[in-house]
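Asker: Here it is, the structure in full.
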Amino acid sequence: MTEDQSMIGQRHCPFCAKKAGIRIIYGSPPIAVYLLHLKGEVILGECRRNKSSPDWHCKACGRRWNERTGAIVHPSNG
Ligand SMILES: [Zn+2]
């Protein structure tokens, strides 16, 4: 399994319980990741990432969360 494939896959959202959570990828993505972004299977985050940056984005409810710290990031426009 390649590193790119490990980024694919949807998680159950802890908020709406739908399996619509997708990875947020930080930094300059390799082309394979960029293609996933075009398909809506990952999200490209800001270039910078800090400890509390969210790792996952829910396509159903728009919430984001950080798996490691449990930090919840609500949509800024919501
Ligand atoms: Zn959700």
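The way I read the labels, and the way they are meant: chains A, B, ... in the order of the structure tokens, residue 1 as the first residue of every chain, and ligand 1 as the first ligand shown, with later ones counted on from there.
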Determine, using only C-alpha atoms and all ligand atoms, which residues of chain A have any atom at most 6 Å from an atom of ligand 1, and tabulate each with its shortest atom pair and distance in Å to one decimal place, rows ordered by chain and then rising number, as JSON lines.

Answerer:
```
{"residue": "A:Cys13", "atom": "CA", "partner": "ligand 1", "partner_atom_place_in_ligand_line": "1 (Zn)", "distance": 4.6}
{"residue": "A:Phe15", "atom": "CA", "partner": "ligand 1", "partner_atom_place_in_ligand_line": "1 (Zn)", "distance": 5.0}
{"residue": "A:Cys16", "atom": "CA", "partner": "ligand 1", "partner_atom_place_in_ligand_line": "1 (Zn)", "distance": 4.1}
{"residue": "A:Lys18", "atom": "CA", "partner": "ligand 1", "partner_atom_place_in_ligand_line": "1 (Zn)", "distance": 5.9}
{"residue": "A:Cys58", "atom": "CA", "partner": "ligand 1", "partner_atom_place_in_ligand_line": "1 (Zn)", "distance": 4.6}
{"residue": "A:Ala60", "atom": "CA", "partner": "ligand 1", "partner_atom_place_in_ligand_line": "1 (Zn)", "distance": 5.0}
{"residue": "A:Cys61", "atom": "CA", "partner": "ligand 1", "partner_atom_place_in_ligand_line": "1 (Zn)", "distance": 4.1}
{"residue": "A:Arg63", "atom": "CA", "partner": "ligand 1", "partner_atom_place_in_ligand_line": "1 (Zn)", "distance": 5.9}
```

Asker: Output N, CA and C atoms for every residue in that selection, as a compact mmCIF listing (two decimals), in the first residue's frame.

Answerer:
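New file again.txt:
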```
# COMPACT_ATOMS: atom_id res chain seq x y z
N CYS A 13 -18.34 10.59 10.58
CA CYS A 13 -18.28 11.89 11.25
C CYS A 13 -18.76 11.74 12.69
N PHE A 15 -19.99 13.91 14.47
CA PHE A 15 -21.07 14.86 14.74
C PHE A 15 -22.39 14.43 14.12
N CYS A 16 -22.36 14.07 12.85
CA CYS A 16 -23.61 13.70 12.19
C CYS A 16 -23.68 12.20 11.91
N LYS A 18 -22.55 10.40 9.74
CA LYS A 18 -22.52 9.95 8.36
C LYS A 18 -21.09 9.61 7.97
N CYS A 58 -15.97 16.88 7.25
CA CYS A 58 -17.19 16.14 6.95
C CYS A 58 -17.91 16.81 5.79
N ALA A 60 -20.80 16.08 4.82
CA ALA A 60 -22.24 16.16 5.08
C ALA A 60 -22.60 17.39 5.91
N CYS A 61 -21.86 17.63 6.98
CA CYS A 61 -22.24 18.73 7.87
C CYS A 61 -21.22 19.86 7.87
N ARG A 63 -18.34 20.14 9.32
CA ARG A 63 -17.46 20.30 10.47
C ARG A 63 -16.10 19.66 10.18
```

Asker: Could you pull the residues within 8 Å of region 21-29 of chain A, counting only C-alpha atoms, minus those fewer than 3 positions along the same chain, as a list of chain:residue names?

Answerer: A:Met7, A:Ile8, A:Gly9, A:Gln10, A:Arg11, A:His12, A:Cys13, A:Lys18, A:Ala32, A:Val33, A:Tyr34, A:Glu41, A:Val42, A:Ile43, A:Leu44, A:Gly45, A:Glu46, A:Cys47, A:Arg48, A:Arg49, A:Pro54, A:Asp55, A:Trp56, A:His57, A:Cys58, A:Lys59, A:Ala60

Asker: So which bits of chain A end up strand (DSSP E or B) when you DSSP the backbone, as a list of chain:residue names?

Answerer: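 So, restricting chain A to strand (DSSP E or B), we get A:Arg11, A:His12, A:Lys19, A:Ala20, A:Gly21, A:Ile22, A:Arg23, A:Ile24, A:Ile25, A:Val42, A:Ile43, A:Leu44, A:Trp56, A:His57, A:Cys58, A:Arg64, A:Trp65, A:Ile72, A:Val73.
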
Asker: Running DSSP on the backbone, which parts of chain A land in alpha helix (DSSP H), as a list of chain:residue names?

Answerer: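 Alpha helix (DSSP H) members of chain A, listed: A:Glu3, A:Asp4, A:Gln5, A:Ser6, A:Ile31, A:Ala32, A:Val33, A:Tyr34, A:Leu35, A:Leu36, A:His37, A:Leu38.
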
Asker: When you look at Ser52 (chain A) with a cut-off of 10 Å (counting only C-alpha atoms), what residues show up, excluding the ones that are within fewer than 5 positions of it in the same chain? I need them as an NGL selection string.

Answerer: :A and (65-73)
